Amino acid sequence: MNNINEAMIFAAGFGKRMLPLTKKIPKPLVKIKNKPLISYIIEDLIDLNFKNIVVNVHHLYNQIIEELKKFEPTVTIVYEKEILETGGGLVHAINKNKFYEPFSPKLLINGDVFWTKLSKSPVKEICEYWDSNMMDILVGLRSKKNLIGYKGNGDFSVKKIDNNIAKILENTGDKEFVFTGIQIVKTEILDLERKKFSMREVLFSARKNKTLYGLKSKQNIFHIGNVSDLKMINELDF
C-alpha cells in the first residue's frame, strides 16, 4: 500500500446531472442495493486500513454528516460555506488541519465513484502502483469502452503502457482513456494560498512537468452520471 493511509472523498457538489433526485438527497447518498454510494467507498477504505478519511460537504450537508456518524472517528467532515471545487476543497481540508500528515501523498476519490470487488479493490490497485520517485500524480484510467455507463469522448491520451502504467501525454488525436475518479496526489505540489480551483488544473500542470502518470485499471468501475445509470447499476447482479 506504499504507506498511503489518508484519503479524501469529494462529496460537496450539487449533483446536477442526477436531478431531480438530488434536489432532496446529495449524490453521494443515492442508494445502490439499499446502501448509500459513499458507504461502499468508506467501507473499502476502512478494510484497507486507511486511518483517516476526510469528506468535504456543502449541498444538503446535514444528511451526509448524519449518515457518516457511524464511521467516526475514522471519517472526518470538513464543511465548505461555498463550493471550492476539488483542488480548493483539498487545500481547504489541509489548511483546516484535517490530515494527520498533510504533506504525505493522499488518495483522492470522487464521491460518485462505484466499483464491485469481484477481484481487487481499485484503491488497493492504485496504491500498489504508486511511485513517489517519479510521480506527482497517479490517476486511475479505464478505456472509455470499458468504463461502465460512460458515454463521453475520453479524457487522456497516453504513451505506450508498460506494466499497466503510462505517462500521460498532451492530448492528441483520440483520447482513449477516461479518468475513473480515483487518484493519488503529492500535496506538496499544491498552492495552499489558492481558494477555489479544480484538480484538473493541477493534473495539467503535472502533465507539462512530465510527472502525471496513469494506471490502466483492471477493476469493475462504474460511471454514475444520471438517474438512468443508477437504475442500470441497481439492476445488475453482484
# chains A, B, ... in the order shown; residues from 1 in each chain; ligands from 1
>>> residues_around(residues="A:Lys33", least_positions_apart="3", cutoff="10 Å", atoms="only C-alpha atoms", output="number ranges by chain")
A: 30, 36-37, 233-238
>>> residues_around(residues="A:Tyr150", least_positions_apart="6", cutoff="12 Å", atoms="only C-alpha atoms", output="VMD selection string")
chain A and resid 113 142 to 144 177 to 180 221 to 226 228 to 229
>>> write_last_selection(atoms="N, CA, C and O atoms", output="PDB file, in the first residue's frame")
ATOM      1  N   VAL A 113     -18.119   7.665  -7.377  1.00  0.00           N
ATOM      2  CA  VAL A 113     -17.473   6.500  -7.978  1.00  0.00           C
ATOM      3  C   VAL A 113     -17.994   5.235  -7.313  1.00  0.00           C
ATOM      4  O   VAL A 113     -18.167   5.180  -6.095  1.00  0.00           O
ATOM      5  N   ARG A 142      -9.537   4.019 -17.220  1.00  0.00           N
ATOM      6  CA  ARG A 142     -10.188   2.891 -17.888  1.00  0.00           C
ATOM      7  C   ARG A 142     -10.377   3.277 -19.349  1.00  0.00           C
ATOM      8  O   ARG A 142     -10.618   4.441 -19.674  1.00  0.00           O
ATOM      9  N   SER A 143     -10.263   2.300 -20.213  1.00  0.00           N
ATOM     10  CA  SER A 143     -10.612   2.550 -21.603  1.00  0.00           C
ATOM     11  C   SER A 143     -12.059   2.995 -21.650  1.00  0.00           C
ATOM     12  O   SER A 143     -12.915   2.456 -20.942  1.00  0.00           O
ATOM     13  N   LYS A 144     -12.364   4.017 -22.462  1.00  0.00           N
ATOM     14  CA  LYS A 144     -13.732   4.548 -22.466  1.00  0.00           C
ATOM     15  C   LYS A 144     -14.757   3.509 -22.882  1.00  0.00           C
ATOM     16  O   LYS A 144     -15.926   3.601 -22.525  1.00  0.00           O
ATOM     17  N   PHE A 177      -8.621   6.992 -23.080  1.00  0.00           N
ATOM     18  CA  PHE A 177      -8.825   6.644 -21.683  1.00  0.00           C
ATOM     19  C   PHE A 177      -9.632   7.690 -20.921  1.00  0.00           C
ATOM     20  O   PHE A 177      -9.584   8.882 -21.218  1.00  0.00           O
ATOM     21  N   VAL A 178     -10.340   7.203 -19.902  1.00  0.00           N
ATOM     22  CA  VAL A 178     -11.203   8.029 -19.061  1.00  0.00           C
ATOM     23  C   VAL A 178     -10.687   7.981 -17.620  1.00  0.00           C
ATOM     24  O   VAL A 178     -10.276   6.923 -17.125  1.00  0.00           O
ATOM     25  N   PHE A 179     -10.688   9.122 -16.953  1.00  0.00           N
ATOM     26  CA  PHE A 179     -10.342   9.205 -15.540  1.00  0.00           C
ATOM     27  C   PHE A 179     -11.432   8.521 -14.721  1.00  0.00           C
ATOM     28  O   PHE A 179     -12.612   8.837 -14.841  1.00  0.00           O
ATOM     29  N   THR A 180     -11.038   7.604 -13.855  1.00  0.00           N
ATOM     30  CA  THR A 180     -12.009   6.831 -13.074  1.00  0.00           C
ATOM     31  C   THR A 180     -12.557   7.593 -11.870  1.00  0.00           C
ATOM     32  O   THR A 180     -13.549   7.177 -11.273  1.00  0.00           O
ATOM     33  N   ILE A 221     -15.289  -0.633 -12.585  1.00  0.00           N
ATOM     34  CA  ILE A 221     -15.594   0.705 -12.083  1.00  0.00           C
ATOM     35  C   ILE A 221     -16.735   1.282 -12.913  1.00  0.00           C
ATOM     36  O   ILE A 221     -16.762   1.141 -14.128  1.00  0.00           O
ATOM     37  N   PHE A 222     -17.670   1.945 -12.236  1.00  0.00           N
ATOM     38  CA  PHE A 222     -18.880   2.443 -12.883  1.00  0.00           C
ATOM     39  C   PHE A 222     -18.884   3.969 -12.925  1.00  0.00           C
ATOM     40  O   PHE A 222     -18.479   4.627 -11.965  1.00  0.00           O
ATOM     41  N   HIS A 223     -19.353   4.509 -14.011  1.00  0.00           N
ATOM     42  CA  HIS A 223     -19.597   5.942 -14.148  1.00  0.00           C
ATOM     43  C   HIS A 223     -21.084   6.183 -13.892  1.00  0.00           C
ATOM     44  O   HIS A 223     -21.934   5.721 -14.639  1.00  0.00           O
ATOM     45  N   ILE A 224     -21.396   6.915 -12.806  1.00  0.00           N
ATOM     46  CA  ILE A 224     -22.787   7.180 -12.460  1.00  0.00           C
ATOM     47  C   ILE A 224     -23.082   8.634 -12.809  1.00  0.00           C
ATOM     48  O   ILE A 224     -22.884   9.541 -12.013  1.00  0.00           O
ATOM     49  N   GLY A 225     -23.546   8.863 -14.025  1.00  0.00           N
ATOM     50  CA  GLY A 225     -23.763  10.220 -14.485  1.00  0.00           C
ATOM     51  C   GLY A 225     -25.177  10.731 -14.270  1.00  0.00           C
ATOM     52  O   GLY A 225     -25.391  11.911 -14.060  1.00  0.00           O
ATOM     53  N   ASN A 226     -26.150   9.823 -14.308  1.00  0.00           N
ATOM     54  CA  ASN A 226     -27.541  10.269 -14.232  1.00  0.00           C
ATOM     55  C   ASN A 226     -28.406   9.185 -13.599  1.00  0.00           C
ATOM     56  O   ASN A 226     -27.911   8.118 -13.205  1.00  0.00           O
ATOM     57  N   SER A 228     -30.567   7.258 -14.941  1.00  0.00           N
ATOM     58  CA  SER A 228     -30.598   6.027 -15.744  1.00  0.00           C
ATOM     59  C   SER A 228     -29.416   5.121 -15.418  1.00  0.00           C
ATOM     60  O   SER A 228     -29.564   3.897 -15.327  1.00  0.00           O
ATOM     61  N   ASP A 229     -28.227   5.718 -15.232  1.00  0.00           N
ATOM     62  CA  ASP A 229     -27.051   4.934 -14.851  1.00  0.00           C
ATOM     63  C   ASP A 229     -27.269   4.269 -13.495  1.00  0.00           C
ATOM     64  O   ASP A 229     -26.920   3.108 -13.286  1.00  0.00           O
TER      65      ASP A 229
END
>>> closest_residue(among="A:Lys195, A:Phe114, A:Trp130, A:Ile65", to="A:Glu82", atoms="only C-alpha atoms")
A:Lys195
>>> select_by_dssp(residues="stretch 100-178 of chain A", states="strand (DSSP E or B)", output="list in words")
Lys106, Leu107, Leu108, Ile109, Asn110, Val113, Phe114, Trp115, Thr116, Ile137, Leu138, Val139, Gly140, Leu141, Arg142, Ser143, Ile148, Phe156, Ser157, Val158, Asp162, Ile165, Ala166, Lys167, Ile168, Leu169, Phe177 and Val178 of chain A
>>> write_last_selection(atoms="N, CA, C and O atoms", output="mmCIF file, in the first residue's frame")
data_model
loop_
_atom_site.group_PDB
_atom_site.id
_atom_site.type_symbol
_atom_site.label_atom_id
_atom_site.label_comp_id
_atom_site.auth_asym_id
_atom_site.auth_seq_id
_atom_site.Cartn_x
_atom_site.Cartn_y
_atom_site.Cartn_z
ATOM 1 N N LYS A 106 -1.775 11.708 -0.804
ATOM 2 C CA LYS A 106 -3.161 11.442 -0.413
ATOM 3 C C LYS A 106 -3.914 10.756 -1.545
ATOM 4 O O LYS A 106 -3.768 11.101 -2.726
ATOM 5 N N LEU A 107 -4.745 9.804 -1.164
ATOM 6 C CA LEU A 107 -5.679 9.192 -2.100
ATOM 7 C C LEU A 107 -6.909 10.083 -2.188
ATOM 8 O O LEU A 107 -7.480 10.456 -1.160
ATOM 9 N N LEU A 108 -7.304 10.433 -3.405
ATOM 10 C CA LEU A 108 -8.483 11.278 -3.624
ATOM 11 C C LEU A 108 -9.511 10.499 -4.438
ATOM 12 O O LEU A 108 -9.165 9.860 -5.437
ATOM 13 N N ILE A 109 -10.783 10.560 -4.008
ATOM 14 C CA ILE A 109 -11.839 9.812 -4.688
ATOM 15 C C ILE A 109 -13.055 10.707 -4.882
ATOM 16 O O ILE A 109 -13.513 11.371 -3.936
ATOM 17 N N ASN A 110 -13.573 10.744 -6.077
ATOM 18 C CA ASN A 110 -14.829 11.443 -6.317
ATOM 19 C C ASN A 110 -15.966 10.700 -5.617
ATOM 20 O O ASN A 110 -16.006 9.457 -5.627
ATOM 21 N N VAL A 113 -18.119 7.665 -7.377
ATOM 22 C CA VAL A 113 -17.473 6.500 -7.978
ATOM 23 C C VAL A 113 -17.994 5.235 -7.313
ATOM 24 O O VAL A 113 -18.167 5.180 -6.095
ATOM 25 N N PHE A 114 -18.226 4.216 -8.119
ATOM 26 C CA PHE A 114 -18.676 2.931 -7.574
ATOM 27 C C PHE A 114 -17.908 1.811 -8.255
ATOM 28 O O PHE A 114 -17.614 1.881 -9.446
ATOM 29 N N TRP A 115 -17.571 0.809 -7.482
ATOM 30 C CA TRP A 115 -16.917 -0.368 -8.056
ATOM 31 C C TRP A 115 -17.407 -1.621 -7.359
ATOM 32 O O TRP A 115 -17.861 -1.585 -6.220
ATOM 33 N N THR A 116 -17.334 -2.724 -8.081
ATOM 34 C CA THR A 116 -17.663 -4.021 -7.489
ATOM 35 C C THR A 116 -16.361 -4.762 -7.257
ATOM 36 O O THR A 116 -15.478 -4.764 -8.113
ATOM 37 N N ILE A 137 1.448 12.807 -9.571
ATOM 38 C CA ILE A 137 0.046 12.376 -9.565
ATOM 39 C C ILE A 137 -0.060 11.063 -10.336
ATOM 40 O O ILE A 137 0.544 10.909 -11.398
ATOM 41 N N LEU A 138 -0.843 10.155 -9.790
ATOM 42 C CA LEU A 138 -1.190 8.915 -10.494
ATOM 43 C C LEU A 138 -2.705 8.824 -10.538
ATOM 44 O O LEU A 138 -3.363 8.814 -9.494
ATOM 45 N N VAL A 139 -3.267 8.809 -11.744
ATOM 46 C CA VAL A 139 -4.719 8.733 -11.890
ATOM 47 C C VAL A 139 -5.134 7.351 -12.375
ATOM 48 O O VAL A 139 -4.431 6.722 -13.171
ATOM 49 N N GLY A 140 -6.266 6.897 -11.883
ATOM 50 C CA GLY A 140 -6.846 5.660 -12.385
ATOM 51 C C GLY A 140 -7.475 5.894 -13.744
ATOM 52 O O GLY A 140 -8.165 6.902 -13.942
ATOM 53 N N LEU A 141 -7.235 4.994 -14.673
ATOM 54 C CA LEU A 141 -7.774 5.106 -16.026
ATOM 55 C C LEU A 141 -8.517 3.840 -16.407
ATOM 56 O O LEU A 141 -8.161 2.745 -15.964
ATOM 57 N N ARG A 142 -9.537 4.019 -17.220
ATOM 58 C CA ARG A 142 -10.188 2.891 -17.888
ATOM 59 C C ARG A 142 -10.377 3.277 -19.349
ATOM 60 O O ARG A 142 -10.618 4.441 -19.674
ATOM 61 N N SER A 143 -10.263 2.300 -20.213
ATOM 62 C CA SER A 143 -10.612 2.550 -21.603
ATOM 63 C C SER A 143 -12.059 2.995 -21.650
ATOM 64 O O SER A 143 -12.915 2.456 -20.942
ATOM 65 N N ILE A 148 -18.044 1.325 -17.390
ATOM 66 C CA ILE A 148 -19.468 1.024 -17.488
ATOM 67 C C ILE A 148 -20.304 2.276 -17.249
ATOM 68 O O ILE A 148 -20.170 2.952 -16.229
ATOM 69 N N PHE A 156 -7.926 11.331 -21.712
ATOM 70 C CA PHE A 156 -6.477 11.365 -21.851
ATOM 71 C C PHE A 156 -5.965 10.482 -22.982
ATOM 72 O O PHE A 156 -6.536 9.431 -23.284
ATOM 73 N N SER A 157 -4.841 10.930 -23.550
ATOM 74 C CA SER A 157 -4.017 10.095 -24.405
ATOM 75 C C SER A 157 -2.797 9.677 -23.583
ATOM 76 O O SER A 157 -2.357 10.415 -22.703
ATOM 77 N N VAL A 158 -2.234 8.520 -23.867
ATOM 78 C CA VAL A 158 -1.099 8.040 -23.078
ATOM 79 C C VAL A 158 0.003 7.520 -23.994
ATOM 80 O O VAL A 158 -0.220 7.220 -25.168
ATOM 81 N N ASP A 162 3.224 0.269 -20.019
ATOM 82 C CA ASP A 162 4.208 -0.712 -19.576
ATOM 83 C C ASP A 162 3.849 -1.147 -18.163
ATOM 84 O O ASP A 162 3.853 -0.343 -17.233
ATOM 85 N N ILE A 165 1.163 0.889 -16.377
ATOM 86 C CA ILE A 165 1.448 2.287 -16.094
ATOM 87 C C ILE A 165 1.854 3.001 -17.376
ATOM 88 O O ILE A 165 2.591 2.460 -18.197
ATOM 89 N N ALA A 166 1.374 4.236 -17.551
ATOM 90 C CA ALA A 166 1.754 5.034 -18.717
ATOM 91 C C ALA A 166 1.892 6.484 -18.318
ATOM 92 O O ALA A 166 1.178 6.978 -17.439
ATOM 93 N N LYS A 167 2.818 7.180 -18.978
ATOM 94 C CA LYS A 167 2.909 8.628 -18.805
ATOM 95 C C LYS A 167 1.808 9.266 -19.654
ATOM 96 O O LYS A 167 1.591 8.865 -20.793
ATOM 97 N N ILE A 168 1.110 10.231 -19.083
ATOM 98 C CA ILE A 168 0.003 10.866 -19.794
ATOM 99 C C ILE A 168 0.522 12.017 -20.646
ATOM 100 O O ILE A 168 1.296 12.862 -20.181
ATOM 101 N N LEU A 169 0.104 12.040 -21.901
ATOM 102 C CA LEU A 169 0.583 12.997 -22.885
ATOM 103 C C LEU A 169 -0.341 14.200 -23.008
ATOM 104 O O LEU A 169 -1.496 14.165 -22.575
ATOM 105 N N PHE A 177 -8.621 6.992 -23.080
ATOM 106 C CA PHE A 177 -8.825 6.644 -21.683
ATOM 107 C C PHE A 177 -9.632 7.690 -20.921
ATOM 108 O O PHE A 177 -9.584 8.882 -21.218
ATOM 109 N N VAL A 178 -10.340 7.203 -19.902
ATOM 110 C CA VAL A 178 -11.203 8.029 -19.061
ATOM 111 C C VAL A 178 -10.687 7.981 -17.620
ATOM 112 O O VAL A 178 -10.276 6.923 -17.125
#
>>> closest_residue(among="A:Asp47, A:Phe103, A:Glu80, A:Lys218", to="A:Leu147", atoms="only C-alpha atoms")
A:Lys218
>>> closest_residue(among="A:Ile53, A:Leu215, A:Met232, A:Leu60", to="A:Ile182", atoms="only C-alpha atoms")
A:Leu215
>>> closest_residue(among="A:Gly88, A:Ser104, A:Val227, A:Asn49", to="A:Arg200", atoms="only C-alpha atoms")
A:Gly88
>>> residues_around(residues="A:Thr76", least_positions_apart="2", cutoff="10 Å", atoms="only C-alpha atoms", output="PyMOL selection string")
chain A and resi 8+52-56+65+68-69+71-74+78+93+98-99
>>> select_by_dssp(residues="stretch 48-190 of chain A", states="helix (DSSP H, G or I)", output="PyMOL selection string")
chain A and resi 61-71+85-95+122-129+187-189
>>> write_last_selection(atoms="C-alpha atoms", output="compact mmCIF listing (two decimals), in the first residue's frame")
# COMPACT_ATOMS: atom_id res chain seq x y z
CA TYR A 61 -24.56 18.56 4.07
CA ASN A 62 -26.54 17.67 7.20
CA GLN A 63 -27.73 14.46 5.55
CA ILE A 64 -24.14 13.38 4.85
CA ILE A 65 -22.98 14.32 8.34
CA GLU A 66 -25.77 12.25 9.89
CA GLU A 67 -25.15 9.24 7.62
CA LEU A 68 -21.41 9.16 8.30
CA LYS A 69 -21.58 9.38 12.09
CA LYS A 70 -21.36 5.59 12.18
CA PHE A 71 -17.85 5.80 10.72
CA GLU A 85 -14.13 22.59 -6.33
CA THR A 86 -11.82 19.62 -5.95
CA GLY A 87 -8.46 21.40 -5.70
CA GLY A 88 -9.81 24.12 -3.45
CA GLY A 89 -11.56 21.51 -1.33
CA LEU A 90 -8.32 19.59 -0.77
CA VAL A 91 -6.40 22.77 0.09
CA HIS A 92 -9.20 23.82 2.47
CA ALA A 93 -9.02 20.46 4.26
CA ILE A 94 -5.23 20.76 4.59
CA ASN A 95 -5.49 24.31 5.95
CA PRO A 122 -9.14 -0.29 -7.36
CA VAL A 123 -7.93 1.58 -4.28
CA LYS A 124 -5.52 -1.22 -3.36
CA GLU A 125 -4.52 -1.47 -7.01
CA ILE A 126 -3.57 2.20 -7.41
CA CYS A 127 -1.74 2.29 -4.07
CA GLU A 128 0.40 -0.66 -5.13
CA TYR A 129 1.47 1.14 -8.31
CA THR A 187 0.10 17.51 -1.68
CA GLU A 188 3.44 19.32 -1.66
CA ILE A 189 2.80 20.39 -5.28
>>> atom_distance(atom1="atom CA of A:Lys186", atom2="atom CA of A:Lys51")
17.8 Å
>>> residues_around(residues="A:Lys208", least_positions_apart="5", cutoff="12 Å", atoms="only C-alpha atoms", output="MDAnalysis selection string")
chainID A and resid 136 167:171 201:203 213
>>> write_last_selection(atoms="N, CA, C and O atoms", output="PDB file, in the first residue's frame")
ATOM      1  N   ASP A 136       4.142  12.770  -9.506  1.00  0.00           N
ATOM      2  CA  ASP A 136       3.467  13.753  -8.646  1.00  0.00           C
ATOM      3  C   ASP A 136       1.991  13.386  -8.508  1.00  0.00           C
ATOM      4  O   ASP A 136       1.385  13.636  -7.473  1.00  0.00           O
ATOM      5  N   LYS A 167       2.818   7.180 -18.978  1.00  0.00           N
ATOM      6  CA  LYS A 167       2.909   8.628 -18.805  1.00  0.00           C
ATOM      7  C   LYS A 167       1.808   9.266 -19.654  1.00  0.00           C
ATOM      8  O   LYS A 167       1.591   8.865 -20.793  1.00  0.00           O
ATOM      9  N   ILE A 168       1.110  10.231 -19.083  1.00  0.00           N
ATOM     10  CA  ILE A 168       0.003  10.866 -19.794  1.00  0.00           C
ATOM     11  C   ILE A 168       0.522  12.017 -20.646  1.00  0.00           C
ATOM     12  O   ILE A 168       1.296  12.862 -20.181  1.00  0.00           O
ATOM     13  N   LEU A 169       0.104  12.040 -21.901  1.00  0.00           N
ATOM     14  CA  LEU A 169       0.583  12.997 -22.885  1.00  0.00           C
ATOM     15  C   LEU A 169      -0.341  14.200 -23.008  1.00  0.00           C
ATOM     16  O   LEU A 169      -1.496  14.165 -22.575  1.00  0.00           O
ATOM     17  N   GLU A 170       0.190  15.251 -23.630  1.00  0.00           N
ATOM     18  CA  GLU A 170      -0.678  16.310 -24.109  1.00  0.00           C
ATOM     19  C   GLU A 170      -1.665  15.656 -25.072  1.00  0.00           C
ATOM     20  O   GLU A 170      -1.277  14.842 -25.903  1.00  0.00           O
ATOM     21  N   ASN A 171      -2.941  15.975 -24.925  1.00  0.00           N
ATOM     22  CA  ASN A 171      -3.957  15.270 -25.710  1.00  0.00           C
ATOM     23  C   ASN A 171      -3.790  15.513 -27.205  1.00  0.00           C
ATOM     24  O   ASN A 171      -3.810  16.650 -27.668  1.00  0.00           O
ATOM     25  N   GLU A 201      -6.640  21.449 -13.048  1.00  0.00           N
ATOM     26  CA  GLU A 201      -5.541  22.384 -13.275  1.00  0.00           C
ATOM     27  C   GLU A 201      -4.217  21.803 -12.786  1.00  0.00           C
ATOM     28  O   GLU A 201      -3.171  21.973 -13.418  1.00  0.00           O
ATOM     29  N   VAL A 202      -4.262  21.113 -11.662  1.00  0.00           N
ATOM     30  CA  VAL A 202      -3.058  20.501 -11.103  1.00  0.00           C
ATOM     31  C   VAL A 202      -2.605  19.343 -11.994  1.00  0.00           C
ATOM     32  O   VAL A 202      -1.402  19.151 -12.224  1.00  0.00           O
ATOM     33  N   LEU A 203      -3.572  18.584 -12.508  1.00  0.00           N
ATOM     34  CA  LEU A 203      -3.249  17.488 -13.431  1.00  0.00           C
ATOM     35  C   LEU A 203      -2.530  18.014 -14.663  1.00  0.00           C
ATOM     36  O   LEU A 203      -1.512  17.450 -15.091  1.00  0.00           O
ATOM     37  N   TYR A 213       1.058  10.443 -14.310  1.00  0.00           N
ATOM     38  CA  TYR A 213       1.003   9.073 -14.810  1.00  0.00           C
ATOM     39  C   TYR A 213      -0.413   8.519 -14.682  1.00  0.00           C
ATOM     40  O   TYR A 213      -1.207   8.990 -13.860  1.00  0.00           O
TER      41      TYR A 213
END
>>> atom_distance(atom1="atom CA of A:Ala7", atom2="atom CA of A:Phe50")
7.3 Å
